[in-house]
Structure formats: C-alpha cells, structure tokens
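Below is coords.csv, which holds CSV, N, CA and C atoms and all ligand atoms.
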```csv
chain,number,residue,atom,x,y,z
A,1,MET,N,51.1,30.2,70.0
A,1,MET,CA,51.9,29.6,71.0
A,1,MET,C,51.2,28.4,71.7
A,2,ASP,N,51.9,27.7,72.5
A,2,ASP,CA,51.3,26.5,73.1
A,2,ASP,C,50.6,25.6,72.1
A,3,PRO,N,51.3,25.2,71.1
A,3,PRO,CA,50.7,24.2,70.2
A,3,PRO,C,50.4,22.9,70.8
A,4,HIS,N,49.3,22.4,70.4
A,4,HIS,CA,48.9,21.0,71.0
A,4,HIS,C,49.8,20.0,70.4
A,5,ASP,N,50.0,19.0,71.2
A,5,ASP,CA,50.8,17.8,70.7
A,5,ASP,C,50.0,17.3,69.5
A,6,PRO,N,50.8,16.9,68.5
A,6,PRO,CA,50.1,16.3,67.3
A,6,PRO,C,49.5,15.0,67.7
A,7,PRO,N,48.5,14.6,66.9
A,7,PRO,CA,47.9,13.3,67.2
A,7,PRO,C,48.8,12.1,66.8
A,8,GLY,N,48.6,11.0,67.4
A,8,GLY,CA,49.4,9.8,67.1
A,8,GLY,C,50.7,9.8,67.8
A,9,GLU,N,50.9,10.6,68.7
A,9,GLU,CA,52.2,10.6,69.4
A,9,GLU,C,52.3,9.4,70.3
A,10,PRO,N,53.4,8.6,70.2
A,10,PRO,CA,53.5,7.5,71.1
A,10,PRO,C,53.6,7.9,72.5
A,11,GLY,N,53.4,6.9,73.4
A,11,GLY,CA,53.4,7.2,74.8
A,11,GLY,C,54.7,7.8,75.3
A,12,ALA,N,54.6,8.9,76.0
A,12,ALA,CA,55.9,9.5,76.5
A,12,ALA,C,56.5,8.6,77.5
A,13,PRO,N,57.8,8.7,77.6
A,13,PRO,CA,58.5,7.8,78.6
A,13,PRO,C,58.3,8.2,80.0
A,14,GLY,N,57.6,9.3,80.3
A,14,GLY,CA,57.3,9.7,81.6
A,14,GLY,C,57.7,11.2,81.8
A,15,PRO,N,57.2,11.7,82.9
A,15,PRO,CA,57.5,13.2,83.2
A,15,PRO,C,59.0,13.4,83.3
A,16,ARG,N,59.4,14.5,82.7
A,16,ARG,CA,60.8,14.9,82.9
A,16,ARG,C,60.8,16.4,83.1
A,17,PRO,N,61.8,16.9,83.8
A,17,PRO,CA,61.9,18.3,84.0
A,17,PRO,C,62.0,19.1,82.7
A,18,VAL,N,61.2,20.1,82.5
A,18,VAL,CA,61.2,20.8,81.3
A,18,VAL,C,62.3,21.9,81.3
A,19,SER,N,63.4,21.5,80.8
A,19,SER,CA,64.6,22.4,80.6
A,19,SER,C,64.4,23.2,79.3
A,20,PRO,N,65.2,24.3,79.1
A,20,PRO,CA,65.1,25.0,77.9
A,20,PRO,C,65.5,24.1,76.7
A,21,LEU,N,66.4,23.1,76.9
A,21,LEU,CA,66.8,22.2,75.8
A,21,LEU,C,65.6,21.3,75.5
A,22,GLU,N,64.9,20.9,76.5
A,22,GLU,CA,63.8,20.0,76.3
A,22,GLU,C,62.7,20.7,75.6
A,23,GLN,N,62.5,22.0,75.9
A,23,GLN,CA,61.5,22.8,75.2
A,23,GLN,C,61.9,23.0,73.7
A,24,ALA,N,63.2,23.2,73.5
A,24,ALA,CA,63.7,23.3,72.1
A,24,ALA,C,63.4,22.1,71.3
A,25,LEU,N,63.7,20.9,72.0
A,25,LEU,CA,63.5,19.6,71.3
A,25,LEU,C,62.0,19.4,71.0
A,26,HIS,N,61.2,19.8,72.0
A,26,HIS,CA,59.7,19.6,71.8
A,26,HIS,C,59.2,20.5,70.7
A,27,ALA,N,59.8,21.7,70.6
A,27,ALA,CA,59.3,22.6,69.5
A,27,ALA,C,59.8,22.1,68.2
A,28,ALA,N,61.0,21.6,68.1
A,28,ALA,CA,61.5,21.1,66.8
A,28,ALA,C,60.7,19.9,66.4
A,29,ARG,N,60.3,19.0,67.3
A,29,ARG,CA,59.5,17.9,66.9
A,29,ARG,C,58.2,18.3,66.4
A,30,ALA,N,57.6,19.3,67.1
A,30,ALA,CA,56.2,19.8,66.7
A,30,ALA,C,56.3,20.4,65.3
A,31,LEU,N,57.3,21.1,65.0
A,31,LEU,CA,57.5,21.8,63.7
A,31,LEU,C,57.6,20.7,62.6
A,32,VAL,N,58.4,19.7,62.8
A,32,VAL,CA,58.6,18.7,61.8
A,32,VAL,C,57.4,17.9,61.6
A,33,LEU,N,56.7,17.6,62.7
A,33,LEU,CA,55.5,16.8,62.6
A,33,LEU,C,54.4,17.6,61.9
A,34,ALA,N,54.4,18.9,62.1
A,34,ALA,CA,53.4,19.7,61.4
A,34,ALA,C,53.7,19.7,59.9
A,35,ASP,N,54.9,19.7,59.5
A,35,ASP,CA,55.2,19.6,58.0
A,35,ASP,C,54.9,18.2,57.5
A,36,LEU,N,55.1,17.2,58.3
A,36,LEU,CA,54.8,15.8,57.8
A,36,LEU,C,53.3,15.7,57.7
A,37,VAL,N,52.5,16.2,58.6
A,37,VAL,CA,51.1,16.2,58.5
A,37,VAL,C,50.6,17.0,57.3
A,38,ALA,N,51.2,18.1,57.1
A,38,ALA,CA,50.8,19.0,56.0
A,38,ALA,C,51.0,18.3,54.6
A,39,ARG,N,52.1,17.4,54.6
A,39,ARG,CA,52.3,16.7,53.3
A,39,ARG,C,51.8,15.3,53.4
A,40,GLU,N,51.0,15.0,54.4
A,40,GLU,CA,50.3,13.8,54.4
A,40,GLU,C,51.2,12.5,54.4
A,41,VAL,N,52.2,12.6,55.2
A,41,VAL,CA,53.0,11.4,55.4
A,41,VAL,C,53.2,11.1,56.9
A,42,ALA,N,52.3,11.6,57.7
A,42,ALA,CA,52.5,11.3,59.2
A,42,ALA,C,51.9,10.0,59.6
A,43,GLU,N,52.5,8.9,59.0
A,43,GLU,CA,52.1,7.6,59.4
A,43,GLU,C,52.9,7.2,60.6
A,44,ALA,N,52.5,6.1,61.2
A,44,ALA,CA,53.1,5.7,62.5
A,44,ALA,C,54.6,5.6,62.4
A,45,ASP,N,55.1,5.0,61.4
A,45,ASP,CA,56.6,4.8,61.3
A,45,ASP,C,57.3,6.1,61.0
A,46,VAL,N,56.6,7.0,60.4
A,46,VAL,CA,57.2,8.3,60.2
A,46,VAL,C,57.4,9.1,61.5
A,47,VAL,N,56.3,9.0,62.3
A,47,VAL,CA,56.4,9.6,63.6
A,47,VAL,C,57.5,9.0,64.4
A,48,SER,N,57.8,7.7,64.3
A,48,SER,CA,58.9,7.1,65.0
A,48,SER,C,60.2,7.6,64.5
A,49,MET,N,60.3,7.9,63.2
A,49,MET,CA,61.5,8.5,62.7
A,49,MET,C,61.8,9.8,63.4
A,50,VAL,N,60.8,10.6,63.6
A,50,VAL,CA,60.9,11.9,64.3
A,50,VAL,C,61.4,11.6,65.7
A,51,GLU,N,60.8,10.6,66.3
A,51,GLU,CA,61.2,10.3,67.7
A,51,GLU,C,62.7,9.9,67.8
A,52,GLU,N,63.1,9.1,66.8
A,52,GLU,CA,64.5,8.6,66.7
A,52,GLU,C,65.4,9.8,66.6
A,53,SER,N,65.1,10.8,65.7
A,53,SER,CA,65.9,11.9,65.5
A,53,SER,C,65.9,12.8,66.8
A,54,VAL,N,64.8,13.0,67.4
A,54,VAL,CA,64.8,13.8,68.6
A,54,VAL,C,65.6,13.1,69.7
A,55,THR,N,65.6,11.8,69.8
A,55,THR,CA,66.4,11.1,70.8
A,55,THR,C,67.9,11.4,70.5
A,56,HIS,N,68.3,11.3,69.3
A,56,HIS,CA,69.6,11.5,68.9
A,56,HIS,C,70.1,12.9,69.1
A,57,ARG,N,69.2,13.8,68.7
A,57,ARG,CA,69.5,15.3,68.9
A,57,ARG,C,69.5,15.7,70.3
A,58,ARG,N,68.8,15.0,71.2
A,58,ARG,CA,68.8,15.3,72.6
A,58,ARG,C,70.2,15.1,73.1
A,59,TRP,N,70.8,14.0,72.7
A,59,TRP,CA,72.2,13.8,73.1
A,59,TRP,C,73.1,14.9,72.5
A,60,TRP,N,72.9,15.2,71.2
A,60,TRP,CA,73.7,16.2,70.5
A,60,TRP,C,73.7,17.5,71.2
A,61,VAL,N,72.5,18.0,71.6
A,61,VAL,CA,72.3,19.3,72.1
A,61,VAL,C,72.8,19.4,73.6
A,62,GLU,N,72.8,18.3,74.2
A,62,GLU,CA,73.4,18.3,75.6
A,62,GLU,C,74.9,18.5,75.5
A,63,GLN,N,75.5,18.0,74.4
A,63,GLN,CA,76.9,18.3,74.3
A,63,GLN,C,77.2,19.7,73.8
A,64,TRP,N,76.2,20.3,73.1
A,64,TRP,CA,76.4,21.6,72.6
A,64,TRP,C,75.1,22.4,72.7
A,65,PRO,N,74.9,22.9,73.9
A,65,PRO,CA,73.6,23.6,74.2
A,65,PRO,C,73.4,24.9,73.3
A,66,ASP,N,74.5,25.4,72.8
A,66,ASP,CA,74.4,26.6,71.9
A,66,ASP,C,73.7,26.2,70.6
A,67,GLY,N,73.6,25.0,70.3
A,67,GLY,CA,72.9,24.5,69.1
A,67,GLY,C,71.4,24.4,69.2
A,68,ALA,N,70.9,24.7,70.4
A,68,ALA,CA,69.4,24.5,70.6
A,68,ALA,C,68.6,25.2,69.5
A,69,GLY,N,69.0,26.3,69.0
A,69,GLY,CA,68.2,27.0,68.0
A,69,GLY,C,68.3,26.3,66.6
A,70,PHE,N,69.2,25.3,66.5
A,70,PHE,CA,69.3,24.7,65.2
A,70,PHE,C,68.6,23.4,65.1
A,71,LEU,N,67.9,23.0,66.2
A,71,LEU,CA,67.3,21.7,66.3
A,71,LEU,C,66.2,21.5,65.2
A,72,ALA,N,65.4,22.4,65.0
A,72,ALA,CA,64.3,22.2,64.0
A,72,ALA,C,64.9,21.8,62.6
A,73,GLY,N,65.9,22.6,62.2
A,73,GLY,CA,66.5,22.3,60.9
A,73,GLY,C,67.2,20.9,60.9
A,74,LEU,N,67.8,20.6,62.0
A,74,LEU,CA,68.5,19.3,62.1
A,74,LEU,C,67.5,18.1,62.1
A,75,VAL,N,66.5,18.2,62.9
A,75,VAL,CA,65.5,17.2,62.9
A,75,VAL,C,64.8,17.0,61.6
A,76,ALA,N,64.5,18.2,60.9
A,76,ALA,CA,63.9,18.1,59.6
A,76,ALA,C,64.8,17.3,58.6
A,77,GLN,N,66.1,17.6,58.7
A,77,GLN,CA,67.0,16.9,57.8
A,77,GLN,C,67.2,15.4,58.1
A,78,ASP,N,67.2,15.1,59.4
A,78,ASP,CA,67.2,13.7,59.8
A,78,ASP,C,66.0,12.9,59.3
A,79,VAL,N,64.9,13.5,59.4
A,79,VAL,CA,63.6,12.9,59.0
A,79,VAL,C,63.6,12.8,57.5
A,80,GLN,N,64.1,13.8,56.8
A,80,GLN,CA,64.2,13.8,55.4
A,80,GLN,C,65.1,12.6,54.9
A,81,ASP,N,66.2,12.5,55.5
A,81,ASP,CA,67.1,11.4,55.2
A,81,ASP,C,66.5,10.0,55.4
A,82,ALA,N,65.8,9.9,56.6
A,82,ALA,CA,65.2,8.6,56.9
A,82,ALA,C,64.0,8.3,55.9
A,83,LEU,N,63.3,9.3,55.5
A,83,LEU,CA,62.2,9.1,54.6
A,83,LEU,C,62.7,8.7,53.2
A,84,LEU,N,63.9,9.3,52.8
A,84,LEU,CA,64.4,9.0,51.5
A,84,LEU,C,64.7,7.5,51.4
A,85,GLU,N,65.2,7.0,52.5
A,85,GLU,CA,65.6,5.5,52.5
A,85,GLU,C,64.3,4.7,52.4
A,86,ARG,N,63.3,5.1,53.1
A,86,ARG,CA,62.1,4.2,53.4
A,86,ARG,C,60.9,4.5,52.5
A,87,HIS,N,60.7,5.8,52.2
A,87,HIS,CA,59.5,6.2,51.5
A,87,HIS,C,59.8,6.9,50.2
A,88,GLY,N,60.9,7.6,50.1
A,88,GLY,CA,61.2,8.4,48.9
A,88,GLY,C,61.4,9.9,49.3
A,89,ARG,N,61.5,10.7,48.3
A,89,ARG,CA,61.8,12.1,48.5
A,89,ARG,C,60.7,12.8,49.3
A,90,TRP,N,61.1,13.7,50.2
A,90,TRP,CA,60.2,14.5,51.0
A,90,TRP,C,60.9,15.7,51.5
A,91,PRO,N,60.3,16.8,51.5
A,91,PRO,CA,58.9,17.1,50.9
A,91,PRO,C,59.1,17.5,49.4
A,92,LEU,N,58.3,17.0,48.6
A,92,LEU,CA,58.4,17.4,47.2
A,92,LEU,C,58.1,18.9,47.0
A,93,CYS,N,58.9,19.4,46.0
A,93,CYS,CA,58.8,20.8,45.7
A,93,CYS,C,57.4,21.2,45.2
A,94,PRO,N,56.8,22.1,45.8
A,94,PRO,CA,55.4,22.6,45.3
A,94,PRO,C,55.5,23.7,44.4
A,95,VAL,N,56.7,24.2,44.1
A,95,VAL,CA,56.9,25.4,43.4
A,95,VAL,C,57.0,25.2,41.9
A,96,CYS,N,57.9,24.2,41.6
A,96,CYS,CA,58.2,23.9,40.2
A,96,CYS,C,57.1,23.0,39.6
A,97,GLY,N,56.4,23.5,38.6
A,97,GLY,CA,55.4,22.7,38.0
A,97,GLY,C,55.9,21.7,36.9
A,98,THR,N,57.1,21.9,36.5
A,98,THR,CA,57.6,21.1,35.4
A,98,THR,C,58.9,20.4,35.8
A,99,GLY,N,59.3,19.5,35.0
A,99,GLY,CA,60.6,18.8,35.3
A,99,GLY,C,60.5,17.7,36.3
A,100,ASP,N,61.6,17.1,36.6
A,100,ASP,CA,61.6,16.0,37.6
A,100,ASP,C,61.2,16.5,38.9
A,101,PRO,N,60.3,15.6,39.6
A,101,PRO,CA,60.0,16.0,41.0
A,101,PRO,C,61.3,16.0,41.8
A,102,HIS,N,61.4,16.9,42.7
A,102,HIS,CA,62.5,17.0,43.5
A,102,HIS,C,62.1,17.5,44.9
A,103,ALA,N,63.0,17.2,45.8
A,103,ALA,CA,62.7,17.5,47.2
A,103,ALA,C,63.2,18.9,47.6
A,104,LEU,N,62.5,19.5,48.5
A,104,LEU,CA,63.0,20.8,49.1
A,104,LEU,C,64.2,20.5,50.0
A,105,GLU,N,65.0,21.5,50.2
A,105,GLU,CA,66.2,21.3,51.1
A,105,GLU,C,66.1,22.3,52.3
A,106,VAL,N,66.7,21.9,53.4
A,106,VAL,CA,66.7,22.8,54.5
A,106,VAL,C,67.9,23.8,54.5
A,107,GLU,N,67.6,25.0,54.6
A,107,GLU,CA,68.7,26.0,54.7
A,107,GLU,C,68.4,27.0,55.9
A,108,PRO,N,69.4,27.3,56.7
A,108,PRO,CA,70.7,26.7,56.7
A,108,PRO,C,70.7,25.3,57.2
A,109,GLU,N,71.7,24.5,56.8
A,109,GLU,CA,71.8,23.1,57.3
A,109,GLU,C,72.1,23.1,58.8
A,110,LEU,N,72.8,24.1,59.2
A,110,LEU,CA,73.2,24.2,60.6
A,110,LEU,C,73.1,25.6,61.1
A,111,GLY,N,71.9,26.0,61.4
A,111,GLY,CA,71.7,27.4,61.8
A,111,GLY,C,70.3,27.7,62.3
A,112,PRO,N,70.1,28.9,62.8
A,112,PRO,CA,68.7,29.2,63.3
A,112,PRO,C,67.8,29.5,62.1
A,113,ASP,N,66.5,29.6,62.5
A,113,ASP,CA,65.5,30.0,61.5
A,113,ASP,C,65.5,29.2,60.2
A,114,PRO,N,65.4,27.9,60.3
A,114,PRO,CA,65.6,27.1,59.1
A,114,PRO,C,64.3,27.2,58.1
A,115,HIS,N,64.6,27.2,56.9
A,115,HIS,CA,63.6,27.2,55.8
A,115,HIS,C,63.7,26.1,54.9
A,116,TRP,N,62.6,25.7,54.3
A,116,TRP,CA,62.6,24.8,53.1
A,116,TRP,C,62.8,25.6,51.9
A,117,VAL,N,63.8,25.3,51.1
A,117,VAL,CA,64.1,26.0,49.9
A,117,VAL,C,64.1,25.1,48.7
A,118,CYS,N,63.8,25.6,47.5
A,118,CYS,CA,64.0,24.9,46.2
A,118,CYS,C,65.2,25.5,45.6
A,119,HIS,N,66.2,24.6,45.3
A,119,HIS,CA,67.4,25.1,44.7
A,119,HIS,C,67.2,25.3,43.2
A,120,LYS,N,66.3,24.6,42.6
A,120,LYS,CA,66.1,24.8,41.2
A,120,LYS,C,65.5,26.1,40.9
A,121,ALA,N,64.5,26.5,41.7
A,121,ALA,CA,63.8,27.8,41.5
A,121,ALA,C,64.5,28.9,42.2
A,122,GLY,N,65.3,28.5,43.2
A,122,GLY,CA,66.1,29.5,44.0
A,122,GLY,C,65.1,30.3,44.9
A,123,VAL,N,64.2,29.6,45.5
A,123,VAL,CA,63.2,30.3,46.3
A,123,VAL,C,63.1,29.7,47.7
A,124,LYS,N,62.8,30.5,48.7
A,124,LYS,CA,62.4,30.0,50.0
A,124,LYS,C,60.9,29.6,49.9
A,125,VAL,N,60.6,28.4,50.2
A,125,VAL,CA,59.2,28.0,50.1
A,125,VAL,C,58.4,28.3,51.4
A,126,ALA,N,59.0,27.9,52.5
A,126,ALA,CA,58.3,28.1,53.8
A,126,ALA,C,59.3,27.9,54.9
A,127,ALA,N,59.1,28.4,56.0
A,127,ALA,CA,59.8,28.0,57.2
A,127,ALA,C,59.6,26.6,57.6
A,128,VAL,N,60.5,25.9,58.2
A,128,VAL,CA,60.3,24.6,58.7
A,128,VAL,C,59.1,24.7,59.7
A,129,GLY,N,58.1,23.8,59.5
A,129,GLY,CA,57.0,23.9,60.4
A,129,GLY,C,55.8,24.6,59.7
A,130,ARG,N,56.1,25.3,58.6
A,130,ARG,CA,55.0,26.1,57.9
A,130,ARG,C,54.7,25.6,56.5
A,131,LEU,N,55.1,24.4,56.2
A,131,LEU,CA,54.8,23.9,54.8
A,131,LEU,C,53.3,23.9,54.5
A,132,GLY,N,52.5,23.6,55.6
A,132,GLY,CA,51.1,23.5,55.3
A,132,GLY,C,50.5,24.8,54.8
A,133,GLY,N,51.1,26.0,55.2
A,133,GLY,CA,50.6,27.2,54.8
A,133,GLY,C,51.1,27.6,53.4
A,134,ALA,N,52.1,26.9,53.0
A,134,ALA,CA,52.8,27.4,51.7
A,134,ALA,C,52.1,26.7,50.5
A,135,VAL,N,51.4,25.6,50.8
A,135,VAL,CA,51.0,24.7,49.7
A,135,VAL,C,49.5,24.7,49.6
A,136,PRO,N,48.9,25.2,48.5
A,136,PRO,CA,47.5,25.0,48.4
A,136,PRO,C,47.1,23.5,48.3
A,137,SER,N,46.2,23.1,49.1
A,137,SER,CA,45.8,21.7,49.1
A,137,SER,C,44.4,21.6,48.5
B,201,ZN,ZN,61.5,23.2,42.8
```

Would you encode the structure as structure tokens?
Amino acid sequence: MDPHDPPGEPGAPGPRPVSPLEQALHAARALVLADLVAREVAEADVVSMVEESVTHRRWWVEQWPDGAGFLAGLVAQDVQDALLERHGRWPLCPVCGTGDPHALEVEPELGPDPHWVCHKAGVKVAAVGRLGGAVPS
C-alpha cells in the first residue's frame, strides 16, 4: 500500500481534496504507469497520455461514481488506444512465443478487477498494474 508516485510525473495542478473518486483515479494512474514502466515505454509523452486519460475519466466518474472500481481498466484501455496511434501495439503478449506479435487486451472492458489477457492463448497474463511481475526481464 501507499505506492510512491512514479518518477517523471508532471507538476500537479495543486492541492485538491482527496475524495474517494480522486483516490480511485490516483490508483488507476499508478497501476497503468507501473505497467508502462514494466514494459519500458514510460516516456514523457506516454505519461501525458495517462494524464489525458485520467482527466477524461475524472469527468466520467463524476457522472457515474459507481464506476470508480472500473477506472484502472478504462485508463489502461485509453492509454492502449493512444499508444496504438502513436507508438504501436502495447503491451505485447509475453505468452505466445510464435506467430504475429499481438497486444494483450483488458478484461473486463468495463468492470472491476481488470486483467491483461491474451485471446490467442486464452490466458490471463496479469492484473492491470502487475505486468512487471508477469514477464521475466
Ligand atoms: Zn498471446
């Protein structure tokens, strides 16, 4: 618990009251950043993609507070989409040793306890935020 903020975080806009929603957003950001760091794509512009997603999802979860538990999976998918446009597939599947490189997908797309899964192999690879532990480096 109490994970440290990842390095390279841009300056915060200022103190804000720490609501449960804000805590959920912070946790989601930390989990996705951990996966980005684990897969060595935590460049400055990638971190800004996470921030963009968190900003968007802050609005989203304020409209639907019951979705707070879904934030990590949603932010992961937002960043995955943004990376696909600008960098390519992420995160590449570490399970399948043969065939075309392919990305893992988040399941459930909209639900609690999101995991990275490989649809080709039909396996759960790791929880969102735990990619670093799943892949031998
Ligand atoms: Zn695979």

Please check which protein, DNA or RNA residues sit within 6 Å of ligand ZN 201 (chain B), counting only N, CA and C atoms and all ligand atoms, and write them as a list in words.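 Within the 6 Å cut-off, the matching residues are Cys93, Pro94, Val95, Cys96, Cys118, His119, Lys120 and Ala121 of chain A.
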
DSSP alpha helix (DSSP H) residues within segment 62-94 of chain A, listed as a list in words: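 Taking segment 62-94 of chain A and keeping alpha helix (DSSP H) only, one gets Glu62, Gln63, Leu71, Ala72, Gly73, Leu74, Val75, Ala76, Gln77, Asp78, Val79, Gln80, Asp81, Ala82, Leu83, Leu84, Glu85 and Arg86 of chain A.
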
Could the residues in this selection be written to a file with N, CA and C atoms, as a short mmCIF file (atom, residue, chain, number, x, y, z; two decimals), in the frame of the given file?
```
data_model
loop_
_atom_site.label_atom_id
_atom_site.label_comp_id
_atom_site.auth_asym_id
_atom_site.auth_seq_id
_atom_site.Cartn_x
_atom_site.Cartn_y
_atom_site.Cartn_z
N GLU A 62 72.80 18.30 74.20
CA GLU A 62 73.40 18.30 75.60
C GLU A 62 74.90 18.50 75.50
N GLN A 63 75.50 18.00 74.40
CA GLN A 63 76.90 18.30 74.30
C GLN A 63 77.20 19.70 73.80
N LEU A 71 67.90 23.00 66.20
CA LEU A 71 67.30 21.70 66.30
C LEU A 71 66.20 21.50 65.20
N ALA A 72 65.40 22.40 65.00
CA ALA A 72 64.30 22.20 64.00
C ALA A 72 64.90 21.80 62.60
N GLY A 73 65.90 22.60 62.20
CA GLY A 73 66.50 22.30 60.90
C GLY A 73 67.20 20.90 60.90
N LEU A 74 67.80 20.60 62.00
CA LEU A 74 68.50 19.30 62.10
C LEU A 74 67.50 18.10 62.10
N VAL A 75 66.50 18.20 62.90
CA VAL A 75 65.50 17.20 62.90
C VAL A 75 64.80 17.00 61.60
N ALA A 76 64.50 18.20 60.90
CA ALA A 76 63.90 18.10 59.60
C ALA A 76 64.80 17.30 58.60
N GLN A 77 66.10 17.60 58.70
CA GLN A 77 67.00 16.90 57.80
C GLN A 77 67.20 15.40 58.10
N ASP A 78 67.20 15.10 59.40
CA ASP A 78 67.20 13.70 59.80
C ASP A 78 66.00 12.90 59.30
N VAL A 79 64.90 13.50 59.40
CA VAL A 79 63.60 12.90 59.00
C VAL A 79 63.60 12.80 57.50
N GLN A 80 64.10 13.80 56.80
CA GLN A 80 64.20 13.80 55.40
C GLN A 80 65.10 12.60 54.90
N ASP A 81 66.20 12.50 55.50
CA ASP A 81 67.10 11.40 55.20
C ASP A 81 66.50 10.00 55.40
N ALA A 82 65.80 9.90 56.60
CA ALA A 82 65.20 8.60 56.90
C ALA A 82 64.00 8.30 55.90
N LEU A 83 63.30 9.30 55.50
CA LEU A 83 62.20 9.10 54.60
C LEU A 83 62.70 8.70 53.20
N LEU A 84 63.90 9.30 52.80
CA LEU A 84 64.40 9.00 51.50
C LEU A 84 64.70 7.50 51.40
N GLU A 85 65.20 7.00 52.50
CA GLU A 85 65.60 5.50 52.50
C GLU A 85 64.30 4.70 52.40
N ARG A 86 63.30 5.10 53.10
CA ARG A 86 62.10 4.20 53.40
C ARG A 86 60.90 4.50 52.50
#
```

Point out the residue among A:Gly132, A:Glu107, A:Pro112, A:Glu51 with the least atom-to-atom distance to Ala68 of chain A, counting only C-alpha atoms.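 The closest residue to Ala68 of chain A is A:Pro112.
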
So which residues of chain A fall under strand (DSSP E) by DSSP, listed as a list in words? Glu105, Val106, Glu107, His115, Trp116, Val117, Cys118, Val123, Lys124, Val125, Ala126 and Ala127 of chain A

If you measure from atom C of Ser53 of chain A to atom CA of Val123 of chain A, what distance in Å do you get, rounded to one decimal?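 Spanning atom C of Ser53 of chain A to atom CA of Val123 of chain A is a straight-line distance of 27.1 Å.
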
One decimal, in Å: what's the spacing between atom C of Trp60 of chain A and atom N of Ala34 of chain A?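 Interatomic distance, atom C of Trp60 of chain A to atom N of Ala34 of chain A: 21.4 Å.
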
Compare A:Val117, A:Val47, A:Ala28, A:Ala38 by their minimum atom-to-atom distance to Leu74 of chain A, counting all atoms listed in the file, and give me the closest one.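 Of the candidates, the smallest distance to Leu74 of chain A is held by A:Ala28.
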
Determine, counting only C-alpha atoms, every residue of protein, DNA or RNA that lies within 9 Å of (52.9, 22.3, 55.5) in the file coordinates, then give the result as a PDB file with N, CA and C atoms, in the frame of the given file.
```pdb
ATOM      1  N   ALA A  34      54.400  18.900  62.100  1.00  0.00           N
ATOM      2  CA  ALA A  34      53.400  19.700  61.400  1.00  0.00           C
ATOM      3  C   ALA A  34      53.700  19.700  59.900  1.00  0.00           C
ATOM      4  N   ASP A  35      54.900  19.700  59.500  1.00  0.00           N
ATOM      5  CA  ASP A  35      55.200  19.600  58.000  1.00  0.00           C
ATOM      6  C   ASP A  35      54.900  18.200  57.500  1.00  0.00           C
ATOM      7  N   LEU A  36      55.100  17.200  58.300  1.00  0.00           N
ATOM      8  CA  LEU A  36      54.800  15.800  57.800  1.00  0.00           C
ATOM      9  C   LEU A  36      53.300  15.700  57.700  1.00  0.00           C
ATOM     10  N   VAL A  37      52.500  16.200  58.600  1.00  0.00           N
ATOM     11  CA  VAL A  37      51.100  16.200  58.500  1.00  0.00           C
ATOM     12  C   VAL A  37      50.600  17.000  57.300  1.00  0.00           C
ATOM     13  N   ALA A  38      51.200  18.100  57.100  1.00  0.00           N
ATOM     14  CA  ALA A  38      50.800  19.000  56.000  1.00  0.00           C
ATOM     15  C   ALA A  38      51.000  18.300  54.600  1.00  0.00           C
ATOM     16  N   ARG A  39      52.100  17.400  54.600  1.00  0.00           N
ATOM     17  CA  ARG A  39      52.300  16.700  53.300  1.00  0.00           C
ATOM     18  C   ARG A  39      51.800  15.300  53.400  1.00  0.00           C
ATOM     19  N   GLU A  40      51.000  15.000  54.400  1.00  0.00           N
ATOM     20  CA  GLU A  40      50.300  13.800  54.400  1.00  0.00           C
ATOM     21  C   GLU A  40      51.200  12.500  54.400  1.00  0.00           C
ATOM     22  N   ALA A 126      59.000  27.900  52.500  1.00  0.00           N
ATOM     23  CA  ALA A 126      58.300  28.100  53.800  1.00  0.00           C
ATOM     24  C   ALA A 126      59.300  27.900  54.900  1.00  0.00           C
ATOM     25  N   VAL A 128      60.500  25.900  58.200  1.00  0.00           N
ATOM     26  CA  VAL A 128      60.300  24.600  58.700  1.00  0.00           C
ATOM     27  C   VAL A 128      59.100  24.700  59.700  1.00  0.00           C
ATOM     28  N   GLY A 129      58.100  23.800  59.500  1.00  0.00           N
ATOM     29  CA  GLY A 129      57.000  23.900  60.400  1.00  0.00           C
ATOM     30  C   GLY A 129      55.800  24.600  59.700  1.00  0.00           C
ATOM     31  N   ARG A 130      56.100  25.300  58.600  1.00  0.00           N
ATOM     32  CA  ARG A 130      55.000  26.100  57.900  1.00  0.00           C
ATOM     33  C   ARG A 130      54.700  25.600  56.500  1.00  0.00           C
ATOM     34  N   LEU A 131      55.100  24.400  56.200  1.00  0.00           N
ATOM     35  CA  LEU A 131      54.800  23.900  54.800  1.00  0.00           C
ATOM     36  C   LEU A 131      53.300  23.900  54.500  1.00  0.00           C
ATOM     37  N   GLY A 132      52.500  23.600  55.600  1.00  0.00           N
ATOM     38  CA  GLY A 132      51.100  23.500  55.300  1.00  0.00           C
ATOM     39  C   GLY A 132      50.500  24.800  54.800  1.00  0.00           C
ATOM     40  N   GLY A 133      51.100  26.000  55.200  1.00  0.00           N
ATOM     41  CA  GLY A 133      50.600  27.200  54.800  1.00  0.00           C
ATOM     42  C   GLY A 133      51.100  27.600  53.400  1.00  0.00           C
ATOM     43  N   ALA A 134      52.100  26.900  53.000  1.00  0.00           N
ATOM     44  CA  ALA A 134      52.800  27.400  51.700  1.00  0.00           C
ATOM     45  C   ALA A 134      52.100  26.700  50.500  1.00  0.00           C
ATOM     46  N   VAL A 135      51.400  25.600  50.800  1.00  0.00           N
ATOM     47  CA  VAL A 135      51.000  24.700  49.700  1.00  0.00           C
ATOM     48  C   VAL A 135      49.500  24.700  49.600  1.00  0.00           C
TER      49      VAL A 135
END
```

Here is a test: counting only N, CA and C atoms, which residue of A:Val50, A:Val61, A:His102, A:Arg29 is nearest to Asp78 of chain A?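 Ranked by minimum distance to Asp78 of chain A, first place goes to A:Val50.
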
Between A:Ala103, A:Val46, A:Leu71, A:Val54, single out the one closest to Leu83 of chain A, counting all atoms listed in the file.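 When distances to Leu83 of chain A are compared using all atoms listed in the file, the smallest one comes from A:Val46.
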
Go through A:Pro20, A:Val41, A:Phe70, A:Arg89 and flag the residue nearest Gly111 of chain A, using only N, CA and C atoms for the distances.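 Closest candidate: A:Phe70.
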
In Å, with one decimal, what is the gap from atom N of Ala27 of chain A to atom C of Ala72 of chain A?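 According to the coordinates, atom N of Ala27 of chain A and atom C of Ala72 of chain A are separated by 9.5 Å.
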
For the point (63.1, 28.7, 56.8) in file coordinates, what residues are within 5 Å, counting only N, CA and C atoms? Give the answer as a ChimeraX atom specification? /A:113-116,126-128

Point out the residue among A:Gly122, A:Ala76, A:Leu25, A:Trp59 with the least atom-to-atom distance to Leu110 of chain A, counting only C-alpha atoms.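 Nearest candidate to Leu110 of chain A out of A:Gly122, A:Ala76, A:Leu25, A:Trp59: A:Ala76.
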